[in-house]
>>> print(open('protein02.txt').read())   # compact mmCIF, C-alpha atoms (C1' of nucleotides)
# COMPACT_ATOMS: atom_id res chain seq x y z
CA MET J 917 11.41 46.62 -14.23
CA GLU J 918 13.70 48.76 -12.14
CA SER J 919 16.32 46.04 -11.89
CA GLN J 920 19.45 46.95 -13.76
CA VAL J 921 19.23 44.59 -16.67
CA GLU J 922 22.66 43.56 -17.80
CA ARG J 923 23.34 42.77 -21.39
CA ASP J 924 23.38 39.11 -20.50
CA GLU J 925 19.93 38.87 -18.98
CA LEU J 926 17.28 40.94 -20.66
CA ALA J 927 13.59 40.70 -19.96
CA HIS J 928 13.50 37.10 -18.80
CA ALA J 929 10.45 35.89 -16.95
CA ASP J 930 10.64 35.21 -13.24
CA PRO J 931 10.01 31.55 -12.44
CA ASP J 932 7.06 32.48 -10.24
CA ALA J 933 5.55 34.91 -12.69
CA VAL J 934 5.23 32.52 -15.60
CA ASP J 935 1.68 32.03 -16.76
CA LEU J 936 0.27 29.03 -18.58
CA THR J 937 -1.73 31.09 -21.04
CA ALA J 938 1.40 33.05 -21.92
CA VAL J 939 3.25 29.81 -22.63
CA LEU J 940 0.41 28.46 -24.75
CA ALA J 941 0.06 31.73 -26.63
CA ALA J 942 3.79 31.77 -27.30
CA LEU J 943 3.71 28.24 -28.69
CA ALA J 944 0.52 28.82 -30.67
CA GLU J 945 2.35 30.96 -33.20
CA PRO J 946 3.73 28.79 -36.04
CA ALA J 947 6.94 30.80 -36.36
CA ARG J 948 7.64 30.63 -32.63
CA LEU J 949 6.78 26.95 -32.51
CA LYS J 950 9.31 26.35 -35.25
CA ILE J 951 11.89 28.36 -33.34
CA VAL J 952 11.28 26.26 -30.25
CA ARG J 953 11.54 23.06 -32.26
CA THR J 954 14.80 24.18 -33.81
CA VAL J 955 16.26 25.24 -30.47
CA ALA J 956 15.21 21.90 -29.00
CA ALA J 957 16.77 19.99 -31.86
CA TYR J 958 20.07 21.83 -32.28
CA GLY J 959 20.58 23.64 -28.99
CA GLY J 960 21.99 21.83 -26.02
CA ASP J 961 23.16 23.36 -22.76
CA ASP J 962 25.32 25.78 -24.75
CA GLY J 963 22.29 26.84 -26.72
CA ILE J 964 22.34 27.78 -30.36
CA ALA J 965 23.04 31.09 -32.04
CA CYS J 966 19.98 33.01 -33.19
CA LEU J 967 21.36 33.23 -36.69
CA ASP J 968 21.76 29.47 -36.76
CA VAL J 969 18.16 29.10 -35.64
CA TRP J 970 17.14 31.32 -38.50
CA GLU J 971 19.08 29.23 -41.02
CA LYS J 972 18.15 25.82 -39.62
CA SER J 973 14.47 26.63 -39.25
CA GLY J 974 14.09 27.97 -42.75
CA LEU J 975 12.07 30.92 -41.50
CA THR J 976 11.99 33.95 -43.79
CA ALA J 977 11.00 36.58 -41.25
CA THR J 978 13.10 39.71 -40.85
CA LYS J 979 15.46 40.33 -37.96
CA SER J 980 13.02 42.57 -36.15
CA THR J 981 10.26 40.00 -36.42
CA MET J 982 12.56 37.27 -35.14
CA SER J 983 13.60 39.52 -32.28
CA HIS J 984 9.96 40.09 -31.41
CA HIS J 985 9.30 36.35 -31.32
CA TYR J 986 12.32 35.80 -29.09
CA LYS J 987 11.02 38.47 -26.73
CA VAL J 988 7.67 36.72 -26.46
CA LEU J 989 9.38 33.40 -25.83
CA ARG J 990 11.61 34.97 -23.15
CA GLU J 991 8.74 36.68 -21.36
CA ALA J 992 6.76 33.46 -21.42
CA GLY J 993 9.68 31.78 -19.69
CA LEU J 994 10.29 29.29 -22.46
CA VAL J 995 13.83 30.31 -23.38
CA VAL J 996 16.89 32.07 -22.01
CA MET J 997 19.28 34.12 -24.08
CA TRP J 998 22.78 35.35 -23.51
CA TRP J 999 25.60 36.82 -25.51
CA VAL J 1000 28.55 34.84 -26.77
CA GLY J 1001 30.85 37.34 -28.37
CA ALA J 1002 28.91 39.13 -31.04
CA LYS J 1003 26.34 36.38 -31.31
CA LYS J 1004 23.40 35.67 -29.07
CA HIS J 1005 22.63 32.18 -27.94
CA VAL J 1006 19.27 30.75 -26.96
CA ARG J 1007 18.28 27.60 -25.14
CA LEU J 1008 15.08 26.14 -23.73
CA ARG J 1009 14.34 26.61 -20.02
CA ARG J 1010 13.36 23.00 -19.54
CA GLU J 1011 14.36 23.14 -15.89
CA LEU J 1012 11.57 25.70 -15.43
CA VAL J 1013 8.91 24.55 -17.87
CA ASP J 1014 9.18 20.85 -17.05
CA VAL J 1015 8.72 21.57 -13.36
CA ARG J 1016 5.77 23.90 -13.72
CA TRP J 1017 4.01 21.89 -16.42
CA PRO J 1018 5.43 18.36 -16.59
CA GLY J 1019 4.94 16.78 -19.99
CA LEU J 1020 3.80 19.93 -21.74
CA LEU J 1021 6.98 20.64 -23.68
CA ASP J 1022 7.51 16.98 -24.45
CA ALA J 1023 4.01 16.70 -25.82
CA VAL J 1024 4.45 19.74 -28.02
CA LEU J 1025 7.88 18.74 -29.29
CA ALA J 1026 6.80 15.16 -29.97
CA ASP J 1027 4.23 16.38 -32.48
CA GLN J 1028 5.34 15.48 -35.98
CA ALA J 1029 3.12 17.74 -38.09
CA PRO J 1030 5.19 20.85 -38.83
CA ALA J 1031 2.19 22.98 -37.95
CA HIS J 1032 1.68 24.34 -41.42
CA GLY J 1033 0.16 21.60 -43.46
CA MET B 1077 -20.45 24.39 -46.09
CA GLU B 1078 -21.55 21.85 -48.65
CA SER B 1079 -22.05 19.07 -46.11
CA GLN B 1080 -25.51 18.98 -44.66
CA VAL B 1081 -24.69 19.54 -41.02
CA GLU B 1082 -27.21 17.89 -38.76
CA ARG B 1083 -28.23 19.59 -35.61
CA ASP B 1084 -26.26 17.00 -33.67
CA GLU B 1085 -22.89 17.51 -35.28
CA LEU B 1086 -22.04 21.05 -36.18
CA ALA B 1087 -18.65 22.19 -37.33
CA HIS B 1088 -16.55 19.60 -35.55
CA ALA B 1089 -12.96 19.16 -36.60
CA ASP B 1090 -11.90 16.09 -38.54
CA PRO B 1091 -9.42 13.94 -36.61
CA ASP B 1092 -6.87 14.28 -39.41
CA ALA B 1093 -7.33 18.00 -39.82
CA VAL B 1094 -6.57 19.00 -36.26
CA ASP B 1095 -3.61 21.31 -35.92
CA LEU B 1096 -1.38 21.75 -32.90
CA THR B 1097 -1.25 25.51 -33.19
CA ALA B 1098 -5.04 25.62 -33.30
CA VAL B 1099 -5.21 23.58 -30.11
CA LEU B 1100 -2.66 25.77 -28.37
CA ALA B 1101 -4.37 28.95 -29.55
CA ALA B 1102 -7.70 27.65 -28.29
CA LEU B 1103 -6.23 26.88 -24.87
CA ALA B 1104 -4.27 30.14 -24.70
CA GLU B 1105 -7.44 32.13 -24.16
CA PRO B 1106 -8.22 32.39 -20.40
CA ALA B 1107 -11.98 32.06 -20.88
CA ARG B 1108 -11.62 28.98 -23.06
CA LEU B 1109 -9.08 27.45 -20.72
CA LYS B 1110 -11.56 27.85 -17.89
CA ILE B 1111 -14.26 26.25 -20.01
CA VAL B 1112 -12.01 23.29 -20.71
CA ARG B 1113 -11.14 22.98 -17.04
CA THR B 1114 -14.79 23.04 -16.07
CA VAL B 1115 -15.76 20.49 -18.69
CA ALA B 1116 -12.90 18.27 -17.56
CA ALA B 1117 -13.96 18.58 -13.93
CA TYR B 1118 -17.72 18.18 -14.21
CA GLY B 1119 -18.27 16.53 -17.57
CA GLY B 1120 -17.85 12.78 -17.95
CA ASP B 1121 -18.86 10.68 -20.93
CA ASP B 1122 -22.31 12.26 -20.84
CA GLY B 1123 -20.74 15.68 -20.97
CA ILE B 1124 -22.11 18.70 -19.21
CA ALA B 1125 -24.71 21.22 -20.29
CA CYS B 1126 -23.35 24.52 -21.60
CA LEU B 1127 -25.44 26.41 -19.11
CA ASP B 1128 -23.94 24.38 -16.30
CA VAL B 1129 -20.47 25.16 -17.58
CA TRP B 1130 -21.36 28.82 -17.48
CA GLU B 1131 -22.55 28.61 -13.88
CA LYS B 1132 -19.78 26.33 -12.61
CA SER B 1133 -17.00 28.28 -14.26
CA GLY B 1134 -18.12 31.64 -12.97
CA LEU B 1135 -17.59 33.22 -16.35
CA THR B 1136 -19.52 36.42 -16.99
CA ALA B 1137 -19.40 36.44 -20.78
CA THR B 1138 -22.60 36.70 -22.77
CA LYS B 1139 -24.21 33.79 -24.61
CA SER B 1140 -22.84 34.89 -27.97
CA THR B 1141 -19.32 35.12 -26.60
CA MET B 1142 -19.61 31.72 -25.01
CA SER B 1143 -20.93 30.31 -28.27
CA HIS B 1144 -17.94 31.77 -30.08
CA HIS B 1145 -15.53 30.13 -27.64
CA TYR B 1146 -17.29 26.79 -28.05
CA LYS B 1147 -16.94 27.11 -31.80
CA VAL B 1148 -13.20 27.68 -31.51
CA LEU B 1149 -12.87 24.70 -29.18
CA ARG B 1150 -14.89 22.51 -31.57
CA GLU B 1151 -12.89 23.51 -34.62
CA ALA B 1152 -9.66 22.88 -32.75
CA GLY B 1153 -10.90 19.36 -32.03
CA LEU B 1154 -10.86 19.78 -28.28
CA VAL B 1155 -14.55 19.22 -27.59
CA VAL B 1156 -17.66 17.64 -29.06
CA MET B 1157 -21.15 18.99 -28.59
CA TRP B 1158 -24.58 17.47 -29.09
CA TRP B 1159 -28.14 18.23 -28.16
CA VAL B 1160 -29.94 16.66 -25.25
CA GLY B 1161 -33.49 17.90 -25.47
CA ALA B 1162 -33.36 21.64 -25.45
CA LYS B 1163 -29.93 21.76 -23.86
CA LYS B 1164 -26.56 21.29 -25.44
CA HIS B 1165 -23.94 19.09 -23.90
CA VAL B 1166 -20.18 19.32 -24.28
CA ARG B 1167 -17.38 16.92 -23.46
CA LEU B 1168 -13.65 16.73 -24.10
CA ARG B 1169 -12.39 14.71 -27.06
CA ARG B 1170 -9.70 13.03 -25.03
CA GLU B 1171 -9.75 9.99 -27.32
CA LEU B 1172 -8.56 12.32 -30.08
CA VAL B 1173 -6.32 14.77 -28.24
CA ASP B 1174 -4.57 12.19 -26.09
CA VAL B 1175 -3.68 10.14 -29.15
CA ARG B 1176 -2.41 13.02 -31.25
CA TRP B 1177 -0.56 14.77 -28.41
CA PRO B 1178 -0.08 12.42 -25.46
CA GLY B 1179 0.32 14.26 -22.19
CA LEU B 1180 -0.66 17.66 -23.52
CA LEU B 1181 -4.12 17.86 -22.02
CA ASP B 1182 -2.98 16.28 -18.78
CA ALA B 1183 -0.19 18.83 -18.46
CA VAL B 1184 -2.56 21.71 -19.07
CA LEU B 1185 -5.25 20.43 -16.72
CA ALA B 1186 -2.76 19.63 -13.97
CA ASP B 1187 -1.76 23.28 -13.74
CA GLN B 1188 -3.05 24.79 -10.54
CA ALA B 1189 -2.72 28.49 -11.26
CA PRO B 1190 -6.12 29.67 -12.53
CA ALA B 1191 -4.35 31.43 -15.39
CA HIS B 1192 -5.05 34.94 -14.21
CA GLY B 1193 -2.80 35.63 -11.27
C1' DC X 1115 38.81 54.56 -36.45
C1' DG X 1116 35.66 52.58 -39.74
C1' DA X 1117 33.20 48.78 -41.94
C1' DA X 1118 30.68 44.56 -41.52
C1' DC X 1119 27.89 41.67 -38.67
C1' DT X 1120 24.34 40.56 -34.99
C1' DG X 1121 20.51 41.66 -32.60
C1' DT X 1122 17.16 45.21 -30.23
C1' DA X 1123 13.81 49.26 -30.06
C1' DC X 1124 10.37 51.98 -32.02
C1' DG X 1125 6.60 53.36 -35.01
C1' DA X 1126 3.32 52.19 -38.46
C1' DC X 1127 0.35 49.16 -40.84
C1' DC X 1128 -2.71 45.42 -41.24
C1' DA X 1129 -5.15 41.12 -39.96
C1' DC X 1130 -7.15 38.69 -36.61
C1' DT X 1131 -10.15 38.12 -32.72
C1' DA X 1132 -12.61 38.77 -28.29
C1' DT X 1133 -16.67 41.04 -27.02
C1' DC X 1134 -21.30 42.60 -27.14
C1' DG X 1135 -26.28 43.40 -28.70
C1' DA X 1136 -29.94 42.07 -31.52
C1' DA X 1137 -32.34 38.90 -34.38
C1' DC X 1138 -33.00 34.20 -35.32
C1' DT X 1139 -33.84 28.87 -34.73
C1' DC X 1140 -35.33 24.99 -32.31
C1' DA X 1141 -37.34 22.52 -28.20
C1' DA X 1142 -40.42 22.21 -24.26
C1' DG X 1143 -44.72 23.26 -21.90
C1' DG X 1144 -48.88 25.40 -20.82
C1' DC S 1388 -50.47 28.93 -30.67
C1' DC S 1389 -47.79 31.40 -27.70
C1' DT S 1390 -44.28 31.96 -24.31
C1' DT S 1391 -40.13 30.76 -22.30
C1' DG S 1392 -35.57 28.98 -22.49
C1' DA S 1393 -31.07 27.56 -24.71
C1' DG S 1394 -27.69 28.49 -28.36
C1' DT S 1395 -26.35 30.22 -32.83
C1' DT S 1396 -25.45 33.77 -36.28
C1' DC S 1397 -24.61 38.33 -37.84
C1' DG S 1398 -22.77 43.07 -37.65
C1' DA S 1399 -20.08 46.39 -35.33
C1' DT S 1400 -16.46 47.73 -32.33
C1' DA S 1401 -12.27 47.75 -29.85
C1' DG S 1402 -8.07 45.64 -28.58
C1' DT S 1403 -4.35 42.55 -29.60
C1' DG S 1404 -0.55 41.12 -32.10
C1' DG S 1405 2.40 39.73 -36.25
C1' DT S 1406 5.07 42.00 -39.76
C1' DC S 1407 8.17 45.22 -41.71
C1' DG S 1408 11.45 49.30 -42.30
C1' DT S 1409 14.41 52.18 -40.10
C1' DA S 1410 17.33 53.62 -36.59
C1' DC S 1411 20.20 52.25 -32.89
C1' DA S 1412 23.61 49.55 -29.82
C1' DG S 1413 27.48 46.29 -29.28
C1' DT S 1414 31.13 43.17 -31.12
C1' DT S 1415 34.69 41.77 -34.29
C1' DC S 1416 38.15 42.54 -37.50
C1' DG S 1417 41.08 45.11 -40.79
>>> encode(input="protein02.txt", output="structure tokens")
Amino acid sequence: MESQVERDELAHADPDAVDLTAVLAALAEPARLKIVRTVAAYGGDDGIACLDVWEKSGLTATKSTMSHHYKVLREAGLVVMWWVGAKKHVRLRRELVDVRWPGLLDAVLADQAPAHG
Amino acid sequence: MESQVERDELAHADPDAVDLTAVLAALAEPARLKIVRTVAAYGGDDGIACLDVWEKSGLTATKSTMSHHYKVLREAGLVVMWWVGAKKHVRLRRELVDVRWPGLLDAVLADQAPAHG
DNA sequence: CGAACTGTACGACCACTATCGAACTCAAGG
DNA sequence: CCTTGAGTTCGATAGTGGTCGTACAGTTCG
């Protein structure tokens, strides 16, 4: 990507470039699914800080692993991230996902089984 | 496998044991997504023969690869398969998937992009 | 400035999995 | 019985990807 990526928009997927298999693959990972659930539950338009996601979700992965998952979610077009002071916020891109695949995110988020038992 | 699996029901997922991540992972594979699309398009209650799926879908994978994909789809609970003479038929388990995750399959099947460009 | 905090980038390791070929099973039909 | 056809299973291989440790880049605060 030759576009000068500011610190506020890094490696986000273009609306036209989003691929269904990428979205499904992103959501198929239990840790990422839990991240998405947590962001959906606690993050509104202002999003939620990554550290708060980590605490609320109960995930035990390291920072680098979490960062990797966020990257996958960004590139799939599922979330957007931006800096708020020293903390990074994340929110769902419902305006994109719900238009491209109506009902998909709702169906996934409505599932009650925590995807690990 | 301690259960004597008949030739008509082999390795199908229990309705209670189906997992969302397994379903998403099954659909995240382009070849399997194309299989599901083809089965949805051409297979009704009587299903569609595996060989017909292969021809209609335009997939170039070998028989063993196709068999592997069918196994993943079965274990995820997405499809059922049974023998009709010497041919095997496959159909979607909408009665299971649509109840567990309403709107999920519809959202995936409604997508127009063929998941590879 | 320097220390603490938050998150990313990179390399390495390991597990999983998509793919294929070959051998096998079962059914259908001379 | 033998051949053909339709799928499965097994073993091997190659590629993908989740995980971690370490190093790095910014921000905040003393």
>>> atom_distance(input="protein02.txt", atom1="CA of Asp1090 (chain B)", atom2="CA of Leu1149 (chain B)")
12.8 Å
>>> calpha_fit_and_write(input="protein02.txt", fixed="chain B", moving="chain J", output="JSON list (two decimals) with C-alpha atoms, keeping the file's coordinate frame")
[["chain", "number", "residue", "atom", "x", "y", "z"],
["J", 917, "MET", "CA", -18.43, 22.43, -45.81],
["J", 918, "GLU", "CA", -20.93, 20.95, -48.21],
["J", 919, "SER", "CA", -21.76, 18.09, -45.87],
["J", 920, "GLN", "CA", -25.26, 18.35, -44.54],
["J", 921, "VAL", "CA", -24.59, 19.29, -40.97],
["J", 922, "GLU", "CA", -27.23, 17.88, -38.71],
["J", 923, "ARG", "CA", -28.23, 19.67, -35.58],
["J", 924, "ASP", "CA", -26.28, 17.13, -33.59],
["J", 925, "GLU", "CA", -22.91, 17.62, -35.23],
["J", 926, "LEU", "CA", -22.07, 21.16, -36.16],
["J", 927, "ALA", "CA", -18.68, 22.35, -37.29],
["J", 928, "HIS", "CA", -16.58, 19.72, -35.56],
["J", 929, "ALA", "CA", -13.00, 19.28, -36.64],
["J", 930, "ASP", "CA", -11.99, 16.22, -38.62],
["J", 931, "PRO", "CA", -9.49, 14.08, -36.72],
["J", 932, "ASP", "CA", -6.96, 14.45, -39.52],
["J", 933, "ALA", "CA", -7.43, 18.16, -39.93],
["J", 934, "VAL", "CA", -6.65, 19.14, -36.36],
["J", 935, "ASP", "CA", -3.68, 21.43, -36.04],
["J", 936, "LEU", "CA", -1.45, 21.86, -33.02],
["J", 937, "THR", "CA", -1.32, 25.63, -33.27],
["J", 938, "ALA", "CA", -5.12, 25.73, -33.35],
["J", 939, "VAL", "CA", -5.26, 23.66, -30.17],
["J", 940, "LEU", "CA", -2.68, 25.84, -28.43],
["J", 941, "ALA", "CA", -4.41, 29.02, -29.55],
["J", 942, "ALA", "CA", -7.73, 27.69, -28.29],
["J", 943, "LEU", "CA", -6.25, 26.89, -24.88],
["J", 944, "ALA", "CA", -4.30, 30.14, -24.68],
["J", 945, "GLU", "CA", -7.46, 32.13, -24.07],
["J", 946, "PRO", "CA", -8.21, 32.34, -20.32],
["J", 947, "ALA", "CA", -11.96, 32.04, -20.79],
["J", 948, "ARG", "CA", -11.63, 28.98, -23.02],
["J", 949, "LEU", "CA", -9.08, 27.42, -20.71],
["J", 950, "LYS", "CA", -11.54, 27.80, -17.87],
["J", 951, "ILE", "CA", -14.26, 26.24, -19.99],
["J", 952, "VAL", "CA", -12.02, 23.27, -20.72],
["J", 953, "ARG", "CA", -11.14, 22.91, -17.06],
["J", 954, "THR", "CA", -14.78, 22.99, -16.07],
["J", 955, "VAL", "CA", -15.77, 20.47, -18.73],
["J", 956, "ALA", "CA", -12.93, 18.23, -17.60],
["J", 957, "ALA", "CA", -13.96, 18.50, -13.98],
["J", 958, "TYR", "CA", -17.73, 18.13, -14.25],
["J", 959, "GLY", "CA", -18.30, 16.50, -17.62],
["J", 960, "GLY", "CA", -17.93, 12.78, -18.02],
["J", 961, "ASP", "CA", -18.92, 10.71, -21.03],
["J", 962, "ASP", "CA", -22.38, 12.30, -20.91],
["J", 963, "GLY", "CA", -20.79, 15.72, -21.01],
["J", 964, "ILE", "CA", -22.11, 18.74, -19.21],
["J", 965, "ALA", "CA", -24.70, 21.29, -20.26],
["J", 966, "CYS", "CA", -23.32, 24.58, -21.53],
["J", 967, "LEU", "CA", -25.38, 26.49, -19.02],
["J", 968, "ASP", "CA", -23.90, 24.40, -16.23],
["J", 969, "VAL", "CA", -20.43, 25.18, -17.54],
["J", 970, "TRP", "CA", -21.30, 28.83, -17.41],
["J", 971, "GLU", "CA", -22.49, 28.58, -13.80],
["J", 972, "LYS", "CA", -19.72, 26.29, -12.55],
["J", 973, "SER", "CA", -16.93, 28.25, -14.21],
["J", 974, "GLY", "CA", -18.06, 31.59, -12.88],
["J", 975, "LEU", "CA", -17.51, 33.21, -16.26],
["J", 976, "THR", "CA", -19.44, 36.43, -16.87],
["J", 977, "ALA", "CA", -19.31, 36.48, -20.65],
["J", 978, "THR", "CA", -22.52, 36.79, -22.65],
["J", 979, "LYS", "CA", -24.16, 33.92, -24.50],
["J", 980, "SER", "CA", -22.78, 34.99, -27.85],
["J", 981, "THR", "CA", -19.26, 35.20, -26.48],
["J", 982, "MET", "CA", -19.58, 31.77, -24.90],
["J", 983, "SER", "CA", -20.91, 30.41, -28.17],
["J", 984, "HIS", "CA", -17.92, 31.87, -29.98],
["J", 985, "HIS", "CA", -15.52, 30.20, -27.56],
["J", 986, "TYR", "CA", -17.29, 26.87, -27.99],
["J", 987, "LYS", "CA", -16.96, 27.22, -31.75],
["J", 988, "VAL", "CA", -13.22, 27.76, -31.46],
["J", 989, "LEU", "CA", -12.90, 24.77, -29.16],
["J", 990, "ARG", "CA", -14.94, 22.61, -31.56],
["J", 991, "GLU", "CA", -12.95, 23.63, -34.62],
["J", 992, "ALA", "CA", -9.72, 22.97, -32.76],
["J", 993, "GLY", "CA", -10.97, 19.47, -32.08],
["J", 994, "LEU", "CA", -10.90, 19.83, -28.32],
["J", 995, "VAL", "CA", -14.59, 19.28, -27.62],
["J", 996, "VAL", "CA", -17.72, 17.73, -29.09],
["J", 997, "MET", "CA", -21.20, 19.08, -28.60],
["J", 998, "TRP", "CA", -24.62, 17.61, -29.06],
["J", 999, "TRP", "CA", -28.17, 18.40, -28.11],
["J", 1000, "VAL", "CA", -29.98, 16.82, -25.20],
["J", 1001, "GLY", "CA", -33.50, 18.12, -25.36],
["J", 1002, "ALA", "CA", -33.34, 21.87, -25.26],
["J", 1003, "LYS", "CA", -29.89, 21.89, -23.73],
["J", 1004, "LYS", "CA", -26.56, 21.38, -25.40],
["J", 1005, "HIS", "CA", -23.95, 19.16, -23.88],
["J", 1006, "VAL", "CA", -20.20, 19.37, -24.29],
["J", 1007, "ARG", "CA", -17.42, 16.95, -23.52],
["J", 1008, "LEU", "CA", -13.69, 16.77, -24.16],
["J", 1009, "ARG", "CA", -12.45, 14.76, -27.16],
["J", 1010, "ARG", "CA", -9.76, 13.04, -25.16],
["J", 1011, "GLU", "CA", -9.84, 10.05, -27.49],
["J", 1012, "LEU", "CA", -8.63, 12.41, -30.23],
["J", 1013, "VAL", "CA", -6.38, 14.83, -28.38],
["J", 1014, "ASP", "CA", -4.62, 12.21, -26.27],
["J", 1015, "VAL", "CA", -3.75, 10.21, -29.36],
["J", 1016, "ARG", "CA", -2.48, 13.10, -31.43],
["J", 1017, "TRP", "CA", -0.63, 14.83, -28.60],
["J", 1018, "PRO", "CA", -0.14, 12.43, -25.67],
["J", 1019, "GLY", "CA", 0.27, 14.25, -22.38],
["J", 1020, "LEU", "CA", -0.70, 17.67, -23.68],
["J", 1021, "LEU", "CA", -4.17, 17.85, -22.16],
["J", 1022, "ASP", "CA", -3.00, 16.24, -18.94],
["J", 1023, "ALA", "CA", -0.23, 18.77, -18.62],
["J", 1024, "VAL", "CA", -2.58, 21.67, -19.18],
["J", 1025, "LEU", "CA", -5.27, 20.38, -16.84],
["J", 1026, "ALA", "CA", -2.77, 19.54, -14.11],
["J", 1027, "ASP", "CA", -1.77, 23.19, -13.86],
["J", 1028, "GLN", "CA", -3.06, 24.65, -10.62],
["J", 1029, "ALA", "CA", -2.77, 28.38, -11.30],
["J", 1030, "PRO", "CA", -6.20, 29.50, -12.52],
["J", 1031, "ALA", "CA", -4.51, 31.44, -15.29],
["J", 1032, "HIS", "CA", -5.53, 34.83, -14.03],
["J", 1033, "GLY", "CA", -3.37, 35.60, -11.07]]
>>> residues_near_point(input="protein02.txt", point="(22.4, 28.7, -39.0)", cutoff="12 Å", atoms="only C-alpha atoms (C1' of nucleotides)", output="count of residues only")
19
>>> closest_atom_pairs(input="protein02.txt", of="region 1095-1186 of chain B", to="region 1119-1142 of chain X", cutoff="7 Å", atoms="all atoms listed in the file", output="Markdown table")
| residue | atom | partner | partner_atom | distance |
| --- | --- | --- | --- | --- |
| B:Thr1141 | CA | X:DT1133 | C1' | 6.5 |
| B:Gly1161 | CA | X:DA1141 | C1' | 6.6 |
| B:Ala1162 | CA | X:DA1141 | C1' | 4.9 |
>>> closest_residue(input="protein02.txt", among="B:Val1173, B:Ala1101, B:Val1148, B:Leu1185", to="chain J", atoms="only C-alpha atoms")
B:Ala1101
>>> interface_residues(input="protein02.txt", of="chain J", to="chain B", cutoff="7 Å", atoms="only C-alpha atoms", output="ChimeraX atom specification")
/J:935-938,940-941,943-946,1017-1020,1023,1027,1031
>>> atom_distance(input="protein02.txt", atom1="CA of Leu1168 (chain B)", atom2="CA of Tyr1146 (chain B)")
11.4 Å
>>> atom_distance(input="protein02.txt", atom1="C1' of DT1396 (chain S)", atom2="CA of Ser1140 (chain B)")
8.8 Å
>>> interface_residues(input="protein02.txt", of="chain S", to="chain B", cutoff="8 Å", atoms="all atoms listed in the file", output="PyMOL selection string")
chain S and resi 1393-1395
>>> residues_around(input="protein02.txt", residues="Arg1169 (chain B)", least_positions_apart="4", cutoff="8 Å", atoms="all atoms listed in the file", output="list in words")
Gly1153, Leu1154, Val1155, Val1156 and Val1173 of chain B
